[in-house]
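Peer 1: Below is one structure. I have some questions about it.
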Amino acid sequence: MTSLSSGMMWRGLIESYRAHLPVSEQTPVISLCEGNTPLVYAPRLAAHFAPDCELYLKFEGANPTGSFKDRGMTMAVSKAAEDGAKVAICASTGNTSAAAAAYCAVAGIRCVVLIPNNNIALGKLAQAMVSGATVLAIEGNFDDGLRIVKDLTANYPIAMLNSLNPYRLEGQKTGAFEVCDFLGFAPDFHFIPVGNAGNITAYWKGYREYHELGKIETLPKMCGFQAAGAAPLVLGHGVDAPETVATAIRIGHPARAEEALRARDESGGLIDSVTDEEILLAQRETAALSGIFGEPACAAPLAGIKKLNAQGYFAQARQELGRKPVVVSVVTGHGLKDPNTAIRISGSPTVVPAKNESVLKAIGF
Ligand code: F0G
């Protein structure tokens, strides 16, 4: 299926980065014109969080289903369609299921999603339901769901849409291409939330490929952040009962753990954790100081930037580079996906009579 658009219109990431992706003329392109998301310069946020940095936010909430998952899903569903798949499945903390449901709707593939019962954000549940996917709320967590998906896809003609599917990472690596194409160079540091560890793996792949092609001269240090209650890569062992307000990254046994640790070590970066309190504060401060409203998971690396800056991490880099380091943090999902948490942390509006004087009084004029 090809888009009817032409000329200067963005036609989605497969058409834009075709030369870098495992697609051919035979691949039906299943696209919602994902990608080309804003890289937003955030000087007020930097002044507050990390004055030693030039800070940019890659706002993946601007994708069609509101998260970075659309990048992987355009590739995974296109390849499933090429293979003639009739049914596809994923386990999800919410965003993967929203993207899978939408792209399968485009392709006409039946979509089955396994979500942890009572533990995904409201907007994500609405997305999967409204797109007509078969939504099964399992009495278990993401890790339980992924185990079932692995077993079923190994034994039945059902396409796997989790990031164990290598095409997912191929699509997601284009986030790194866009960062470099926009800046004209690679950032010094790349910050990212880590759950199942597919995205950090994909970004590192993207940066390395651009480096090998000579499109960038340097590589960023990859800095991943987990929530303290779901931090297997920081602890060095799996977590059987992960818990965090950032439900998107409530994962105790990441499928791409080894690749994530390799990205960290090859790049000279780090993987660390922040508490739920730090996450919620950073979420609110980011919205208030940059205008970018991400869901809680996206605030983990931002809280991490704040924490590392306080430890002098960037001051040292600034001294070594002789300029402020350029830092990119990926805002992986839109804040509107989880309105309940946002309202809970922000409080209620002040109710006033519908009169000029009441409004003036309330704002202190
Ligand atoms: N940020 C958001 C908003 C996510 O939804 C996820 C993962 C991550 C970060 C972490 O990315 O897993 O590649 O390390 N969400 C998956 C899902 C697990 O099912 O939607 P990762």
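Each chain in the structure tokens gets a letter, A, B and so on, in the order shown; residues start at 1 in every chain, and ligands are counted from 1 in the order they appear.
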Got a sec: who's within 10 Å of Gly195 in chain A, counting only C-alpha atoms, leaving out chain neighbours fewer than 3 positions off, as a list in words?

Peer 2: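 That gives Thr93, Ile192, Gly198, Asn199, Ile200, Gly224, Phe225, Gln226, Ala227, Ala230, Ala231, Pro232, Leu233, Ala246, Thr247, Ala248, Ile249, Arg250, Ile251, Gly252, His253, Pro254, Ala255, Arg256, Ala257 and Ala297 of chain A.
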
Peer 1: I'd like the neighbourhood of Gly12 in chain A as number ranges by chain, where a residue qualifies if any of its atoms comes within 9 Å (using only C-alpha atoms), though same-chain residues fewer than 4 positions away should be ignored.

Peer 2: A: 3, 16-17, 31-36, 71, 74

Peer 1: Could you dump the residues just selected with all heavy atoms as a compact mmCIF listing (two decimals), in the first residue's frame?

Peer 2:
# COMPACT_ATOMS: atom_id res chain seq x y z
N SER A 3 1.35 5.55 -0.12
CA SER A 3 0.64 6.79 0.16
C SER A 3 0.40 7.55 -1.14
O SER A 3 1.16 7.43 -2.10
CB SER A 3 1.50 7.62 1.11
OG SER A 3 1.23 8.96 0.95
N SER A 16 11.10 7.45 3.82
CA SER A 16 12.17 8.42 4.03
C SER A 16 13.53 7.78 4.24
O SER A 16 14.55 8.36 3.89
CB SER A 16 11.83 9.30 5.23
OG SER A 16 10.61 9.95 4.99
N TYR A 17 13.55 6.59 4.85
CA TYR A 17 14.83 5.95 5.16
C TYR A 17 14.94 4.57 4.50
O TYR A 17 15.65 3.69 5.00
CB TYR A 17 15.00 5.85 6.68
CG TYR A 17 15.20 7.20 7.34
CD1 TYR A 17 14.21 7.76 8.14
CD2 TYR A 17 16.38 7.92 7.16
CE1 TYR A 17 14.39 9.00 8.73
CE2 TYR A 17 16.57 9.16 7.74
CZ TYR A 17 15.57 9.70 8.53
OH TYR A 17 15.77 10.92 9.11
N SER A 31 1.77 2.30 6.73
CA SER A 31 2.27 3.51 7.38
C SER A 31 1.12 4.42 7.82
O SER A 31 0.06 4.45 7.20
CB SER A 31 3.15 4.28 6.39
OG SER A 31 3.53 5.53 6.92
N LEU A 32 1.36 5.16 8.89
CA LEU A 32 0.47 6.26 9.29
C LEU A 32 1.25 7.58 9.24
O LEU A 32 0.96 8.50 9.99
CB LEU A 32 -0.09 5.99 10.70
CG LEU A 32 -1.12 4.86 10.80
CD1 LEU A 32 -1.33 4.45 12.26
CD2 LEU A 32 -2.45 5.33 10.21
N CYS A 33 2.26 7.63 8.39
CA CYS A 33 3.11 8.82 8.24
C CYS A 33 3.83 9.17 9.54
O CYS A 33 3.97 10.35 9.89
CB CYS A 33 2.31 10.01 7.71
SG CYS A 33 1.64 9.72 6.09
N GLU A 34 4.27 8.10 10.24
CA GLU A 34 5.00 8.27 11.49
C GLU A 34 6.40 8.86 11.26
O GLU A 34 6.88 8.88 10.13
CB GLU A 34 5.13 6.91 12.19
CG GLU A 34 5.87 5.87 11.38
CD GLU A 34 5.15 5.47 10.09
OE1 GLU A 34 3.96 5.17 10.17
OE2 GLU A 34 5.77 5.50 9.01
N GLY A 35 7.04 9.26 12.36
CA GLY A 35 8.40 9.80 12.28
C GLY A 35 8.41 11.30 12.03
O GLY A 35 7.38 11.96 12.13
N ASN A 36 9.60 11.83 11.75
CA ASN A 36 9.77 13.27 11.54
C ASN A 36 9.25 14.06 12.73
O ASN A 36 8.62 15.11 12.57
CB ASN A 36 9.03 13.70 10.26
CG ASN A 36 9.49 15.04 9.74
OD1 ASN A 36 10.61 15.47 10.02
ND2 ASN A 36 8.64 15.73 9.00
N ARG A 71 7.28 3.82 15.14
CA ARG A 71 8.47 3.60 14.30
C ARG A 71 8.73 2.11 14.09
O ARG A 71 9.04 1.66 12.97
CB ARG A 71 9.73 4.19 14.97
CG ARG A 71 9.72 5.67 15.05
CD ARG A 71 11.04 6.16 15.63
NE ARG A 71 10.94 7.58 15.84
CZ ARG A 71 11.14 8.50 14.91
NH1 ARG A 71 11.53 8.13 13.71
NH2 ARG A 71 10.98 9.78 15.17
N THR A 74 5.50 0.30 12.10
CA THR A 74 5.36 0.41 10.63
C THR A 74 6.22 -0.66 9.95
O THR A 74 5.78 -1.29 8.98
CB THR A 74 5.70 1.84 10.13
OG1 THR A 74 5.44 1.89 8.72
CG2 THR A 74 7.13 2.24 10.37

Peer 1: Give me the residues within 9 Å of Val245 in chain A as a PDB file with N, CA and C atoms, in the first residue's frame, counting only C-alpha atoms and dropping any in the same chain fewer than 6 places off.

Peer 2:
ATOM      1  N   ALA A 227      13.048   2.975  36.402  1.00  0.00           N
ATOM      2  CA  ALA A 227      12.421   3.378  37.663  1.00  0.00           C
ATOM      3  C   ALA A 227      12.992   2.498  38.771  1.00  0.00           C
ATOM      4  N   ASP A 276      10.192   7.074  41.959  1.00  0.00           N
ATOM      5  CA  ASP A 276       8.917   7.554  41.433  1.00  0.00           C
ATOM      6  C   ASP A 276       8.714   9.034  41.768  1.00  0.00           C
ATOM      7  N   ILE A 279      10.611  11.013  39.342  1.00  0.00           N
ATOM      8  CA  ILE A 279       9.965  10.919  38.027  1.00  0.00           C
ATOM      9  C   ILE A 279       8.793  11.889  37.935  1.00  0.00           C
ATOM     10  N   LEU A 280       7.928  11.879  38.941  1.00  0.00           N
ATOM     11  CA  LEU A 280       6.727  12.727  38.882  1.00  0.00           C
ATOM     12  C   LEU A 280       7.079  14.204  38.944  1.00  0.00           C
ATOM     13  N   PRO A 296       4.761   9.601  32.344  1.00  0.00           N
ATOM     14  CA  PRO A 296       5.759   9.466  33.412  1.00  0.00           C
ATOM     15  C   PRO A 296       7.070   8.785  32.999  1.00  0.00           C
ATOM     16  N   ALA A 297       7.007   7.720  32.195  1.00  0.00           N
ATOM     17  CA  ALA A 297       8.244   7.011  31.832  1.00  0.00           C
ATOM     18  C   ALA A 297       9.284   7.945  31.212  1.00  0.00           C
ATOM     19  N   THR A 341      -2.666  10.162  36.105  1.00  0.00           N
ATOM     20  CA  THR A 341      -1.457  10.485  36.867  1.00  0.00           C
ATOM     21  C   THR A 341      -1.177  11.979  36.790  1.00  0.00           C
TER      22      THR A 341
END

Peer 1: Excluding range 160-173 of chain A and any residue of its chain fewer than 6 positions from it, enumerate the residues within 10 Å of it, using only C-alpha atoms, and give them as number ranges by chain.

Peer 2: A: 13-14, 17, 20-23, 35, 68-80, 87-92, 96-97, 99-100, 111-113, 146, 149-150, 152-154, 196-209, 255-256

Peer 1: Please measure the separation of atom 8 (C, counted along the ligand's line) of ligand 1 and CA of Gly312 in chain A, giving the value in Å to one decimal.

Peer 2: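 Calculated distance between atom 8 (C, counted along the ligand's line) of ligand 1 and CA of Gly312 in chain A is 26.8 Å.
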
Peer 1: Step one, run DSSP on the backbone; step two, keep only residues of range 96-199 of chain A assigned to strand (DSSP E); then write them as a VMD selection string.

Peer 2: chain A and resid 110 to 116 134 to 138 159 to 160 189 to 193
